[in-house]
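Here is work38.pdb, consisting of PDB, C-alpha atoms:
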ATOM      1  CA  MET A   1     -23.142  26.883 136.742  1.00  0.00           C
ATOM      2  CA  ASN A   2     -19.743  25.302 136.500  1.00  0.00           C
ATOM      3  CA  LEU A   3     -19.763  25.978 132.746  1.00  0.00           C
ATOM      4  CA  ILE A   4     -20.382  29.714 133.279  1.00  0.00           C
ATOM      5  CA  ARG A   5     -17.519  29.945 135.794  1.00  0.00           C
ATOM      6  CA  ARG A   6     -15.112  28.359 133.355  1.00  0.00           C
ATOM      7  CA  HIS A   7     -16.144  30.664 130.483  1.00  0.00           C
ATOM      8  CA  LYS A   8     -16.716  34.017 132.234  1.00  0.00           C
ATOM      9  CA  GLY A   9     -15.560  36.086 129.250  1.00  0.00           C
ATOM     10  CA  LEU A  10     -17.771  34.217 126.799  1.00  0.00           C
ATOM     11  CA  ALA A  11     -20.773  34.449 129.152  1.00  0.00           C
ATOM     12  CA  LEU A  12     -20.242  38.216 129.483  1.00  0.00           C
ATOM     13  CA  VAL A  13     -20.041  38.675 125.693  1.00  0.00           C
ATOM     14  CA  VAL A  14     -23.175  36.565 125.091  1.00  0.00           C
ATOM     15  CA  SER A  15     -25.185  38.417 127.755  1.00  0.00           C
ATOM     16  CA  LEU A  16     -24.138  41.834 126.415  1.00  0.00           C
ATOM     17  CA  THR A  17     -25.000  40.692 122.881  1.00  0.00           C
ATOM     18  CA  LEU A  18     -28.478  39.612 123.999  1.00  0.00           C
ATOM     19  CA  ILE A  19     -29.038  42.952 125.730  1.00  0.00           C
ATOM     20  CA  LEU A  20     -27.900  44.806 122.594  1.00  0.00           C
ATOM     21  CA  ILE A  21     -30.211  42.738 120.384  1.00  0.00           C
ATOM     22  CA  VAL A  22     -33.186  43.473 122.664  1.00  0.00           C
ATOM     23  CA  ILE A  23     -32.419  47.216 122.557  1.00  0.00           C
ATOM     24  CA  MET A  24     -32.111  47.156 118.749  1.00  0.00           C
ATOM     25  CA  VAL A  25     -35.446  45.325 118.418  1.00  0.00           C
ATOM     26  CA  ILE A  26     -37.147  47.926 120.639  1.00  0.00           C
ATOM     27  CA  ILE A  27     -35.687  50.816 118.607  1.00  0.00           C
ATOM     28  CA  CYS A  28     -36.680  49.231 115.290  1.00  0.00           C
ATOM     29  CA  TRP A  29     -40.150  48.475 116.612  1.00  0.00           C
ATOM     30  CA  ASN A  30     -40.638  52.121 117.599  1.00  0.00           C
ATOM     31  CA  MET A  31     -39.366  53.363 114.233  1.00  0.00           C
ATOM     32  CA  ILE A  32     -41.588  51.068 112.190  1.00  0.00           C
ATOM     33  CA  PHE A  33     -44.743  51.358 114.266  1.00  0.00           C
ATOM     34  CA  SER A  34     -44.516  55.017 115.346  1.00  0.00           C
ATOM     35  CA  THR A  35     -47.772  56.826 116.063  1.00  0.00           C
ATOM     36  CA  GLY A  36     -46.642  60.270 114.845  1.00  0.00           C
ATOM     37  CA  SER A  37     -48.428  61.332 111.692  1.00  0.00           C
ATOM     38  CA  SER A  38     -46.351  64.422 110.929  1.00  0.00           C
ATOM     39  CA  VAL A  39     -42.687  64.674 110.025  1.00  0.00           C
ATOM     40  CA  TYR A  40     -42.578  67.868 112.121  1.00  0.00           C
ATOM     41  CA  GLY A  41     -43.809  66.199 115.306  1.00  0.00           C
ATOM     42  CA  GLN A  42     -45.169  68.665 117.865  1.00  0.00           C
ATOM     43  CA  ARG A  43     -43.518  71.742 116.303  1.00  0.00           C
ATOM     44  CA  LEU A  44     -46.567  72.695 114.241  1.00  0.00           C
ATOM     45  CA  ASN A  45     -49.151  72.577 117.006  1.00  0.00           C
ATOM     46  CA  GLY A  46     -51.352  75.667 116.760  1.00  0.00           C
ATOM     47  CA  LEU A  47     -50.560  76.097 113.085  1.00  0.00           C
ATOM     48  CA  VAL A  48     -52.155  79.156 111.503  1.00  0.00           C
ATOM     49  CA  LYS A  49     -53.507  78.093 108.123  1.00  0.00           C
ATOM     50  CA  ILE A  50     -52.874  80.162 105.010  1.00  0.00           C
ATOM     51  CA  SER A  51     -55.822  80.123 102.652  1.00  0.00           C
ATOM     52  CA  GLY A  52     -55.191  79.171  99.043  1.00  0.00           C
ATOM     53  CA  ASP A  53     -57.232  82.229  98.067  1.00  0.00           C
ATOM     54  CA  VAL A  54     -54.701  84.486  99.804  1.00  0.00           C
ATOM     55  CA  THR A  55     -51.713  83.021  97.950  1.00  0.00           C
ATOM     56  CA  LYS A  56     -53.640  83.023  94.661  1.00  0.00           C
ATOM     57  CA  GLY A  57     -54.578  86.671  95.203  1.00  0.00           C
ATOM     58  CA  ILE A  58     -50.972  87.614  95.896  1.00  0.00           C
ATOM     59  CA  LYS A  59     -49.801  85.767  92.788  1.00  0.00           C
ATOM     60  CA  ASP A  60     -52.408  87.434  90.599  1.00  0.00           C
ATOM     61  CA  GLU A  61     -51.663  90.904  91.954  1.00  0.00           C
ATOM     62  CA  ILE A  62     -47.882  90.584  91.602  1.00  0.00           C
ATOM     63  CA  LEU A  63     -48.114  89.065  88.103  1.00  0.00           C
ATOM     64  CA  GLU A  64     -50.018  92.176  86.968  1.00  0.00           C
ATOM     65  CA  LEU A  65     -46.852  94.233  87.486  1.00  0.00           C
ATOM     66  CA  GLU A  66     -44.914  94.746  84.280  1.00  0.00           C
ATOM     67  CA  GLU A  67     -41.536  93.884  85.884  1.00  0.00           C
ATOM     68  CA  VAL A  68     -42.601  90.420  87.071  1.00  0.00           C
ATOM     69  CA  SER A  69     -42.537  87.407  84.775  1.00  0.00           C
ATOM     70  CA  ASN A  70     -43.266  84.650  87.316  1.00  0.00           C
ATOM     71  CA  ILE A  71     -44.025  84.140  91.004  1.00  0.00           C
ATOM     72  CA  ASP A  72     -44.202  80.958  93.065  1.00  0.00           C
ATOM     73  CA  ILE A  73     -45.408  80.760  96.678  1.00  0.00           C
ATOM     74  CA  ARG A  74     -44.828  77.550  98.605  1.00  0.00           C
ATOM     75  CA  VAL A  75     -45.644  76.838 102.265  1.00  0.00           C
ATOM     76  CA  GLN A  76     -43.514  74.217 103.980  1.00  0.00           C
ATOM     77  CA  GLY A  77     -43.881  73.750 107.722  1.00  0.00           C
ATOM     78  CA  LYS A  78     -43.587  77.192 109.327  1.00  0.00           C
ATOM     79  CA  ILE A  79     -41.904  78.835 106.327  1.00  0.00           C
ATOM     80  CA  VAL A  80     -43.484  80.601 103.363  1.00  0.00           C
ATOM     81  CA  TYR A  81     -41.112  80.493 100.382  1.00  0.00           C
ATOM     82  CA  THR A  82     -41.713  83.113  97.693  1.00  0.00           C
ATOM     83  CA  THR A  83     -39.729  83.021  94.459  1.00  0.00           C
ATOM     84  CA  ILE A  84     -40.193  85.992  92.158  1.00  0.00           C
ATOM     85  CA  THR A  85     -38.647  86.109  88.689  1.00  0.00           C
ATOM     86  CA  PHE A  86     -38.238  89.588  87.226  1.00  0.00           C
ATOM     87  CA  LYS A  87     -37.793  90.622  83.617  1.00  0.00           C
ATOM     88  CA  GLU A  88     -34.436  91.824  82.351  1.00  0.00           C
ATOM     89  CA  GLY A  89     -33.624  95.412  83.275  1.00  0.00           C
ATOM     90  CA  THR A  90     -35.545  95.496  86.560  1.00  0.00           C
ATOM     91  CA  LYS A  91     -33.674  97.427  89.244  1.00  0.00           C
ATOM     92  CA  LEU A  92     -32.813  95.554  92.434  1.00  0.00           C
ATOM     93  CA  ASN A  93     -34.439  98.162  94.675  1.00  0.00           C
ATOM     94  CA  ARG A  94     -37.703  97.854  92.722  1.00  0.00           C
ATOM     95  CA  ALA A  95     -37.553  94.067  93.068  1.00  0.00           C
ATOM     96  CA  LYS A  96     -37.133  94.420  96.837  1.00  0.00           C
ATOM     97  CA  GLU A  97     -40.119  96.777  96.978  1.00  0.00           C
ATOM     98  CA  VAL A  98     -42.294  94.284  95.123  1.00  0.00           C
ATOM     99  CA  ALA A  99     -41.245  91.458  97.447  1.00  0.00           C
ATOM    100  CA  SER A 100     -41.789  93.574 100.565  1.00  0.00           C
ATOM    101  CA  SER A 101     -45.287  94.488  99.401  1.00  0.00           C
ATOM    102  CA  THR A 102     -46.363  90.831  99.527  1.00  0.00           C
ATOM    103  CA  ILE A 103     -46.090  90.689 103.327  1.00  0.00           C
ATOM    104  CA  SER A 104     -48.873  93.221 103.826  1.00  0.00           C
ATOM    105  CA  LYS A 105     -51.262  90.890 101.978  1.00  0.00           C
ATOM    106  CA  TYR A 106     -51.148  88.292 104.784  1.00  0.00           C
ATOM    107  CA  ASP A 107     -53.162  88.421 108.021  1.00  0.00           C
ATOM    108  CA  GLU A 108     -51.441  89.509 111.233  1.00  0.00           C
ATOM    109  CA  GLY A 109     -51.744  85.967 112.598  1.00  0.00           C
ATOM    110  CA  VAL A 110     -49.846  84.597 109.626  1.00  0.00           C
ATOM    111  CA  ILE A 111     -47.164  87.292 109.817  1.00  0.00           C
ATOM    112  CA  SER A 112     -46.597  86.657 113.529  1.00  0.00           C
ATOM    113  CA  TYR A 113     -46.403  82.853 113.075  1.00  0.00           C
ATOM    114  CA  TYR A 114     -44.514  82.130 109.853  1.00  0.00           C
ATOM    115  CA  ASP A 115     -40.965  82.782 108.674  1.00  0.00           C
ATOM    116  CA  PHE A 116     -40.796  84.182 105.156  1.00  0.00           C
ATOM    117  CA  GLY A 117     -38.112  83.320 102.634  1.00  0.00           C
ATOM    118  CA  TYR A 118     -37.711  85.345  99.454  1.00  0.00           C
ATOM    119  CA  PHE A 119     -35.744  84.551  96.317  1.00  0.00           C
ATOM    120  CA  LEU A 120     -35.544  87.322  93.726  1.00  0.00           C
ATOM    121  CA  ILE A 121     -34.197  86.375  90.306  1.00  0.00           C
ATOM    122  CA  GLU A 122     -33.649  88.550  87.255  1.00  0.00           C
ATOM    123  CA  GLU A 123     -33.977  86.530  84.090  1.00  0.00           C
ATOM    124  CA  ILE A 124     -31.503  87.453  81.374  1.00  0.00           C
ATOM    125  CA  VAL A 125     -32.336  86.758  77.742  1.00  0.00           C
ATOM    126  CA  LYS A 126     -29.228  85.472  75.990  1.00  0.00           C
ATOM    127  CA  ASN A 127     -28.484  87.261  72.753  1.00  0.00           C
ATOM    128  CA  GLU A 128     -26.662  85.104  70.197  1.00  0.00           C
ATOM    129  CA  ASP A 129     -26.081  88.004  67.771  1.00  0.00           C
ATOM    130  CA  ASN A 130     -23.226  89.621  69.693  1.00  0.00           C
ATOM    131  CA  GLY A 131     -20.525  87.126  68.709  1.00  0.00           C
ATOM    132  CA  GLU A 132     -17.843  85.430  70.781  1.00  0.00           C
ATOM    133  CA  ASN A 133     -16.375  88.451  72.537  1.00  0.00           C
ATOM    134  CA  ALA A 134     -19.690  89.824  73.722  1.00  0.00           C
ATOM    135  CA  GLU A 135     -19.841  90.547  77.413  1.00  0.00           C
ATOM    136  CA  GLU A 136     -22.272  88.241  79.176  1.00  0.00           C
ATOM    137  CA  LYS A 137     -24.907  90.039  81.241  1.00  0.00           C
ATOM    138  CA  LYS A 138     -25.526  88.858  84.756  1.00  0.00           C
ATOM    139  CA  GLY A 139     -28.849  89.355  86.437  1.00  0.00           C
ATOM    140  CA  PHE A 140     -29.330  89.612  90.164  1.00  0.00           C
ATOM    141  CA  VAL A 141     -30.104  86.682  92.409  1.00  0.00           C
ATOM    142  CA  VAL A 142     -30.970  87.837  95.906  1.00  0.00           C
ATOM    143  CA  ALA A 143     -32.303  86.015  98.947  1.00  0.00           C
ATOM    144  CA  GLY A 144     -34.141  87.535 101.876  1.00  0.00           C
ATOM    145  CA  THR A 145     -35.709  86.299 105.085  1.00  0.00           C
ATOM    146  CA  LYS A 146     -38.214  87.667 107.542  1.00  0.00           C
ATOM    147  CA  HIS A 147     -38.610  86.300 111.047  1.00  0.00           C
ATOM    148  CA  PRO A 148     -41.948  86.814 112.850  1.00  0.00           C
ATOM    149  CA  ASP A 149     -40.254  88.990 115.498  1.00  0.00           C
ATOM    150  CA  ILE A 150     -38.630  91.309 112.941  1.00  0.00           C
ATOM    151  CA  GLU A 151     -40.494  94.036 111.062  1.00  0.00           C
ATOM    152  CA  LYS A 152     -38.547  94.085 107.778  1.00  0.00           C
ATOM    153  CA  ILE A 153     -36.985  91.603 105.378  1.00  0.00           C
ATOM    154  CA  SER A 154     -33.251  91.018 105.817  1.00  0.00           C
ATOM    155  CA  TRP A 155     -31.646  90.861 102.382  1.00  0.00           C
ATOM    156  CA  ILE A 156     -28.553  88.849 101.540  1.00  0.00           C
ATOM    157  CA  LYS A 157     -26.186  89.934  98.744  1.00  0.00           C
ATOM    158  CA  SER A 158     -27.766  93.313  98.206  1.00  0.00           C
TER     159      SER A 158
END

Whole structure, structure tokens version:
Amino acid sequence: MNLIRRHKGLALVVSLTLILIVIMVIICWNMIFSTGSSVYGQRLNGLVKISGDVTKGIKDEILELEEVSNIDIRVQGKIVYTTITFKEGTKLNRAKEVASSTISKYDEGVISYYDFGYFLIEEIVKNEDNGENAEEKKGFVVAGTKHPDIEKISWIKS
């Protein structure tokens, strides 16, 4: 006891260090041996599943259109990402119509649960025959989102 009285500052530092070490061990223990199986935690409780047949059907139907060269649909968490690549010369309004038509293919439960993200890309074929001074064509790249509470897609850079 006499030793602690003589070295009050050192005793305080050692005790605070021990407390800090115990807290760090508890935090590390919880991080390493956590019981959560999902990276999303409780946010996806009551998840409405999207059938692979639905996404495959949408892909097949959209690929039949002459303007579309590729489509990719990816579900991540509560967001459905749809990337549609259009052939050169497709008008932006037509591309938006094609993207908007995909929403009607989903069930009402899916539409009211998921956010939708759209990426519309016009692929431009580079022509090497025009020489150095040829003007480079630029295709459109547009993004759009649809929240479950909103009826239509909100387009960015239209």

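A straight line drawn from CA of Asn127 (chain A) to CA of Lys96 (chain A) is 26.6 Å long.
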
| 7 Å contact set for Gly109 (chain A), only C-alpha atoms, chain neighbours under 3 positions out, as a PyMOL selection string | chain A and resi 48+112-113

task: Evaluate the PyMOL selection byres ((chain A and resi 134-150) around 12) on the structure here and hand back the selected residues as a PyMOL selection string.
output: chain A and resi 78-93+95-96+99-100+102-103+108-133+151-158

Across A:Gly77, A:Glu64, A:Ile19, A:Met31, the smallest distance to Leu47 (chain A), with all atoms listed in the file counted, is shown by A:Gly77

### Å distance separating CA of Leu44 (chain A) from CA of Ile27 (chain A), one decimal place
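Straight-line distance from CA of Leu44 (chain A) to CA of Ile27 (chain A) works out to 24.8 Å.
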
### Task
To one decimal in Å, tell me the separation between CA of Tyr106 (chain A) and CA of Arg43 (chain A).
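CA of Arg43 (chain A) lies at a distance of 21.6 Å from CA of Tyr106 (chain A).
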
Min atom-atom distance to Asp60 (chain A) from the set A:Gln42, A:His7, A:Val14, A:Lys105, counting all atoms listed in the file, belongs to A:Lys105
